[in-house]
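Chemist: Input: one structure, supplied below.
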Amino acid sequence: RCRVRPFPSAAAGINAIILKRGRCFERRGGTNMKEITLDAYGKLNLTLDILGRRPDGYHDLRMVMQSVSLCDRVTIRETENGQIALRTSASYLPCDRGNLAYRAAEAFFAAVDVANPGVALYVEKRIPVCAGMAGGSADAAAVLRGLRRMYAPQLSVEELCRIGERVGSDVPYCVFGGTALAEGRGEILTRLAPIPECWAVLCKPDFPISTPELFGCVDAKKLTSHPDTPGMCESLERGDLNGVLRRVYNVFEAVLPEKYSEVFVIKDKLLDLGALSTCMTGSGPTVFGLFDNAAGAAQTAERLRREYPQTFCAAMVNLGEQFL
Ligand code: C5P
């Protein structure tokens, strides 16, 4: 059950243009494509709020999400052997149903009226893994976007999000992309005004955080502070970067176990190095700092990288309807 509102006009079956950092890639839609390569953008949580636990074991969330230019690259090639095959550039990642990209291809062919002719997927990883940046979900969403172009260009964004929902809670948003409000399990999506121009430094400390473990630390009724989500949406609408910066907040920070306190050390370092606002993204442990100029972000990333090798500089990605 995926609801997407307001509903964007999907440019199904026509030539799609993906604008990326000043460059322009034109990719042909239709059903005669044999290979496609897509960028799978990571995301930041500008806000993350937990409203309560649901009977199905998941939590009701309210999150303002933002795509960033740090991306994996996903290639889909038709093989004509009827199988799904997956390879990645990171040897430690699973290449079977344990990988969301594989599951996305399975879910796609199970949902559409097209027999799987055989597809070979290749994922070039750049987004840190187990980092709170939805890297696995971004790959799954790129597989769905690519397969849609190759085999089912008539599918709407809503239908593609609904397939993504079966693969993981963050996948519908990753299909949708840009600046968006995600509610429910993460599948109820509302397009928001694009974030004003800014840059992020993303820093992942050298440990993973398990998402189910962190959700297990939360008693939603006991949370005392919540992000000002309406204020964040209004600031975006006004194009008010200061309003956005003031309202960046993730409730997971309030329940973070002591063993992950490095997150707060990184936040302090980012502020000392000039970040205007800092926050953990998703269930962490990646911390981001926001900057109003690219040079400041680049210098800060360079400094932090000496201590934390998984530090990246990223621009905001606001492709909206062109995302597909
Ligand atoms: O849907 P997905 O498999 O990505 O979720 C991973 C885990 O995160 C779930 O098993 C659940 O523990 C937690 N989760 C949650 N509420 C959500 C999304 C995820 O409790 N809305």
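As shown in the structure tokens, the chain order sets the letters A, B, ...; within each chain, residues go from 1, and ligands are also counted from 1 in the order they appear.
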May I have the residues within 10 Å of Gln310 (chain A) as a list in words, using only C-alpha atoms and disregarding those fewer than 2 positions away in the same chain?
Modeler: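 With the cut-off at 10 Å, the set is Arg126, Ile127, Pro128, Leu202, Cys203, Lys204, Pro205, Asp206, Thr286, Ala301, Leu304, Arg305, Arg306, Glu307, Tyr308 and Phe312 of chain A.
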Chemist: Would you mind listing what lies within 12 Å of Arg145 (chain A) as a ChimeraX atom specification, with only C-alpha atoms counted and same-chain residues fewer than 5 positions away left out?
Modeler: /A:10,12,16,29,36-40,74-76,101,104-105,108,138-140,150-161,163-164,171-172,174-177,322-324
Chemist: Ligand 1: which residues are within 10 Å, counting only C-alpha atoms and all ligand atoms? Reply as a ChimeraX atom specification.
Modeler: /A:50-54,56-62,100,134,136-137,165-171,182-187,210-216,218,283
Chemist: Give me every helix (DSSP H, G or I) residue in region 37-246 of chain A, going by DSSP on the backbone, as a PyMOL selection string.
Modeler: chain A and resi 100-111+135-151+157-165+171-176+211-216+220-222+229-238+241-246
Chemist: What is the CA of Asn45 (chain A) to CA of Cys233 (chain A) distance in Å?
Modeler: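 So the answer is 12.9 Å.
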Chemist: Nearest to Gly231 (chain A): which of A:Leu70, A:Ala120, A:Leu46, A:Ala314 is it, counting only C-alpha atoms?
Modeler: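 Going through A:Leu70, A:Ala120, A:Leu46, A:Ala314 one by one, the smallest distance to Gly231 (chain A) is for A:Leu46.
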Chemist: Considering only C-alpha atoms, return as a list in words whatever protein or nucleic-acid residues lie within 6 Å of region 250-262 of chain A, sequence-local ones (same chain, fewer than 4 positions apart) excluded.
Modeler: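 Those residues are Thr47, Leu48 and Asp49 of chain A.
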Chemist: Go ahead and save the picked residues with C-alpha atoms, as an mmCIF file, in the first residue's frame.
Modeler:
data_model
loop_
_atom_site.group_PDB
_atom_site.id
_atom_site.type_symbol
_atom_site.label_atom_id
_atom_site.label_comp_id
_atom_site.auth_asym_id
_atom_site.auth_seq_id
_atom_site.Cartn_x
_atom_site.Cartn_y
_atom_site.Cartn_z
ATOM 1 C CA THR A 47 14.379 15.347 10.024
ATOM 2 C CA LEU A 48 13.493 11.947 11.451
ATOM 3 C CA ASP A 49 10.615 11.540 13.896
#
Chemist: Could you give me, as a CSV table (one decimal) with C-alpha atoms, in the first residue's frame, the residues within 7 Å of region 265-281 of chain A, counting only C-alpha atoms and dropping anything in the same chain fewer than 3 positions from it?
Modeler:
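Output file selection_2.csv follows:
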chain,number,residue,atom,x,y,z
A,44,LEU,CA,20.0,12.4,4.2
A,45,ASN,CA,17.3,12.8,6.8
A,132,GLY,CA,22.0,5.3,7.4
A,133,MET,CA,22.2,6.7,3.8
A,245,LEU,CA,19.4,24.5,9.2
A,248,VAL,CA,17.6,19.6,11.2
A,249,TYR,CA,16.9,16.9,13.9
A,250,ASN,CA,16.9,13.1,14.3
A,253,GLU,CA,20.3,10.8,18.5
A,261,SER,CA,29.1,8.2,21.2
A,262,GLU,CA,31.7,8.8,18.5
A,284,GLY,CA,23.3,6.2,11.6
A,285,PRO,CA,26.1,6.2,12.2
A,286,THR,CA,26.8,8.6,9.3
A,287,VAL,CA,26.8,12.2,10.5
A,288,PHE,CA,26.4,15.1,8.1
A,289,GLY,CA,27.2,18.8,8.3
A,290,LEU,CA,25.6,21.3,6.1
A,291,PHE,CA,27.5,24.2,4.5
A,300,THR,CA,36.2,20.3,5.9
Chemist: To one decimal in Å, tell me the separation between CA of Leu93 (chain A) and CA of Val129 (chain A).
Modeler: 9.0 Å
Chemist: I'd like the neighbourhood of Glu106 (chain A) as a PyMOL selection string, where a residue qualifies if any of its atoms comes within 12 Å (using only C-alpha atoms), though same-chain residues fewer than 2 positions away should be ignored.
Modeler: chain A and resi 82-86+96-104+108-112+114-116+118-119+121+140+143-144+147+163-164+166-167
Chemist: Rank nothing, just name the residue among A:Cys313, A:Leu192, A:Ile209, A:Val123 nearest to Gly296 (chain A), using only C-alpha atoms.
Modeler: A:Cys313
Chemist: Between CA of Asp72 (chain A) and CA of Tyr92 (chain A), what is the spacing in Å?
Modeler: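 These atoms are spaced 15.6 Å apart.
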Chemist: May I ask which of the residues A:Arg238, A:Arg162, A:Lys34, A:Arg246 is the closest one to Ala193 (chain A), counting only C-alpha atoms?
Modeler: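 Checking each of A:Arg238, A:Arg162, A:Lys34, A:Arg246 against Ala193 (chain A), counting only C-alpha atoms, the winner is A:Arg238.
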Chemist: Give the answer as one residue: which of A:Thr88, A:Thr190, A:Ala200, A:Asn293 has the shortest atom-to-atom distance to Lys43 (chain A), using only C-alpha atoms?
Modeler: A:Ala200
Chemist: Using DSSP assignments from the backbone, pull out every residue in region 69-210 of chain A that falls under strand (DSSP E or B) and give it to me as JSON, numbers by chain.
Modeler: {"A": [69, 70, 71, 72, 73, 74, 75, 76, 77, 78, 84, 85, 86, 87, 88, 119, 120, 121, 122, 123, 124, 179, 180, 181, 182, 183, 184, 188, 189, 190, 191, 199, 200, 201, 202, 203]}
Chemist: Hey, which of A:Glu78, A:Pro227, A:Leu241, A:Gln66 ends up closest to Pro117 (chain A)? Count only C-alpha atoms.
Modeler: A:Glu78
